[in-house]
Amino acid sequence: MPVAHKVAGFIANSSWIRKMFEEGERLRTKYGADQIFDFTLGNPDVEPPQAFRDEFLKLARAPIQGMHRYMNNAGYQETRDAVASVLAAASDLPVQAGQVVMTCGAGGALNAVLKTILNPGDEVIILTPFFVEYRFYIDNHGGVPVQVWTDRDTFQLDIPAIAAAVSEKTRALIICSPNNPTGVIYPAESLALLGETIAAKEKEFGRQICVISDEPYARIAYDGKSVPNIFRYVTNSVIVTSHSKDLALPGERIGYLAANPRMNGVDRFVEGAVFSNRVLGFVNAPALMQRLVASLQHASVDIDAYQAKRDLFYQALTGMGFQMVRPDGAFYLFPKSPLEDDVEFVKIAQRHRILLVPGSGFGAPGFFRIAYCVDRGDDRAQLRRLAQPGARSGPAGVTTAVRRAPPGARGAGKPTE
């Protein structure tokens with residue numbers, strides 16, 4: 001069967017994350033799982049919290065009559081009420097269930113939002129480094145992605161660069177905090193400046209611009225930090241998120257979108273989002289998962305365990321000479337590649353059965369991503385493998401490149417505390 005030219009091109013340039021994960025499956029089959037050191041996929045290694053198991057058992061033992069039937073496409077009222085209550089407390093705004101739509105994960109939420117707001121040719125700003133699927137999601141709905149670099153030393157928002165990229169065609173801006181792949185959190189001061197900038201541009205162009213905050217890692221924040229609520233700082237804003245990370249439920253694809261109650265035309269937007277969620281084929285979020293997460297809006301996996309991994313990997317890798325920004329959250333490190341060609345460096349690591357993701361997969365050549373959500377018992381063994389001279393030297397002289405990589409090189413992230 002012929003494949004559309006556009007899809008064929010997208011396949012050829014599709015997610016490096018998935019490519020490397022699939023390569024890991026092949027290598028595990030060939031050499032055995034204990035011989036492969038896989039840092040590719042942000043797939044939580046921890047189990048859901050006990051509260052999830054308790055709710056699951058309670059529902060299984062005392063099922064609600066009709067709980068598997070069709071529902072309102074926006075989701076169950078009690079689930080949306082629970083989500084709205086948490087968002088209202090975080091934002092100090094009167095978020096109601098009517099501003100929440102339950103979705104099939106953050107990906108489903110983001111597609112529903114983009115379908116709702118985009119006309120053909122509308123531009124959506126994405127901040128480099130970015131989650132690669134953003135480009136495909138935008139294209140799904142006739143939009144045009146516009147890539148804007150964050151600060152190349154800190155990966156924080158570059159407000160002047162964002163302002164310069166906004167045009168009469170701009171319809172939306174996607175942010176992700178804590179960020180995938182860098183782990184940085186955008187502080188309140190930056191979000192306030194962003195809100196002022198977007199408001200000024202809306203006035204300049206006479207056009208509503210939506211800031212979409214992608215927040216699946218929002219509860220995975222370290223060192224006592226928290227993720228500021230975007231509703232406080234940007235009037236025309238939408239949160240898209242999932243419980244894949246905070247409740248360790250990636251395979252369940254349960255999430256939501258929520259609109260700022262101050263948004264211009266918020267009721268009309270939600271109406272459009274419910275319609276879009278339906279006709280995209282998601283229809284509604286899974287019934288069973290909606291029932292379960294309704295009572296788990298304050299629950300989370302053990303954040304301390306992830307922070308311990310962050311500390312261990314960051315200290316070990318910077319001790320080897322790798323340069324990187326110290327993550328505030330999520331479970332990724334994004335070091336500068338010791339070779340200018342990050343894909344070549346990843347290939348060298350692969351020959352030593354170490355699986356990494358090149359920064360090129362996030363629009364940021366010259367870096368690579370490590371997902372440290374790996375089994376706790378393997379942490380030190382995997383670090384020993386990374387530290388082996390053979391694993392880092394290879395035919396292209398990676399060890400020398402690591403030691404000589406100039407600080408402040410184009411795109412380099414400096415170690416920060």
# chains A, B, ... in the order shown; residues from 1 in each chain; ligands from 1

$ residues_around --residues "Ser190 in chain A" --least-positions-apart "5" --cutoff "9 Å" --atoms "only C-alpha atoms" --output "ChimeraX atom specification"
/A:156-159,195

$ write_last_selection --atoms "N, CA and C atoms" --output "tab-separated table (two decimals), in the first residue's frame"
chain	number	residue	atom	x	y	z
A	156	GLN	N	17.10	28.37	29.78
A	156	GLN	CA	15.96	29.13	30.26
A	156	GLN	C	15.33	29.92	29.10
A	157	LEU	N	14.13	30.44	29.33
A	157	LEU	CA	13.43	31.19	28.30
A	157	LEU	C	14.24	32.39	27.83
A	158	ASP	N	14.34	32.55	26.52
A	158	ASP	CA	14.97	33.72	25.92
A	158	ASP	C	13.83	34.62	25.45
A	159	ILE	N	13.38	35.50	26.32
A	159	ILE	CA	12.20	36.31	26.04
A	159	ILE	C	12.38	37.19	24.80
A	195	GLY	N	4.28	36.35	29.91
A	195	GLY	CA	2.90	36.81	29.86
A	195	GLY	C	2.79	38.24	29.37

$ select_by_dssp --residues "range 46-145 of chain A" --states "alpha helix (DSSP H)" --output "VMD selection string"
chain A and resid 50 to 61 77 to 91 105 to 117 133 to 140

$ residues_around --residues "Glu252 in chain A" --least-positions-apart "2" --cutoff "9 Å" --atoms "only C-alpha atoms" --output "PyMOL selection string"
chain A and resi 104-105+243-244+249-250+254+286+289

$ closest_residue --among "A:Ile126, A:Val270, A:Leu288, A:Ala192" --to "Leu59 in chain A" --atoms "only C-alpha atoms"
A:Leu288

$ closest_atom_pairs --of "range 10-119 of chain A" --to "range 317-337 of chain A" --cutoff "10 Å" --atoms "only C-alpha atoms" --output "CSV"
residue,atom,partner,partner_atom,distance
A:Phe39,CA,A:Tyr332,CA,9.2
A:Thr40,CA,A:Tyr332,CA,9.7
A:Leu41,CA,A:Tyr332,CA,9.7
A:Gly42,CA,A:Phe331,CA,7.4
A:Asn43,CA,A:Phe331,CA,9.6
A:Pro44,CA,A:Phe331,CA,8.9

$ write_last_selection --atoms "N, CA and C atoms" --output "short mmCIF file (atom, residue, chain, number, x, y, z; two decimals), in the first residue's frame"
data_model
loop_
_atom_site.label_atom_id
_atom_site.label_comp_id
_atom_site.auth_asym_id
_atom_site.auth_seq_id
_atom_site.Cartn_x
_atom_site.Cartn_y
_atom_site.Cartn_z
N PHE A 39 19.45 4.07 28.10
CA PHE A 39 19.07 5.36 28.69
C PHE A 39 18.15 6.14 27.76
N THR A 40 17.36 5.45 26.94
CA THR A 40 16.66 6.15 25.86
C THR A 40 15.30 6.70 26.24
N LEU A 41 14.44 5.88 26.81
CA LEU A 41 13.03 6.23 26.92
C LEU A 41 12.68 6.70 28.33
N GLY A 42 11.91 7.78 28.41
CA GLY A 42 11.45 8.26 29.70
C GLY A 42 10.31 7.42 30.22
N ASN A 43 10.63 6.16 30.50
CA ASN A 43 9.64 5.17 30.90
C ASN A 43 9.85 4.89 32.39
N PRO A 44 8.99 5.41 33.28
CA PRO A 44 9.25 5.31 34.72
C PRO A 44 9.57 3.89 35.16
#

$ closest_residue --among "A:Arg219, A:Lys115, A:Arg135, A:Arg53" --to "Val301 in chain A" --atoms "only C-alpha atoms"
A:Arg219

$ closest_residue --among "A:Asp34, A:Gly108, A:Ala294, A:Asp223" --to "Ala82 in chain A" --atoms "only C-alpha atoms"
A:Ala294

$ closest_residue --among "A:Ala299, A:Leu312, A:Ala364, A:Ala285" --to "Val86 in chain A" --atoms "only C-alpha atoms"
A:Ala299
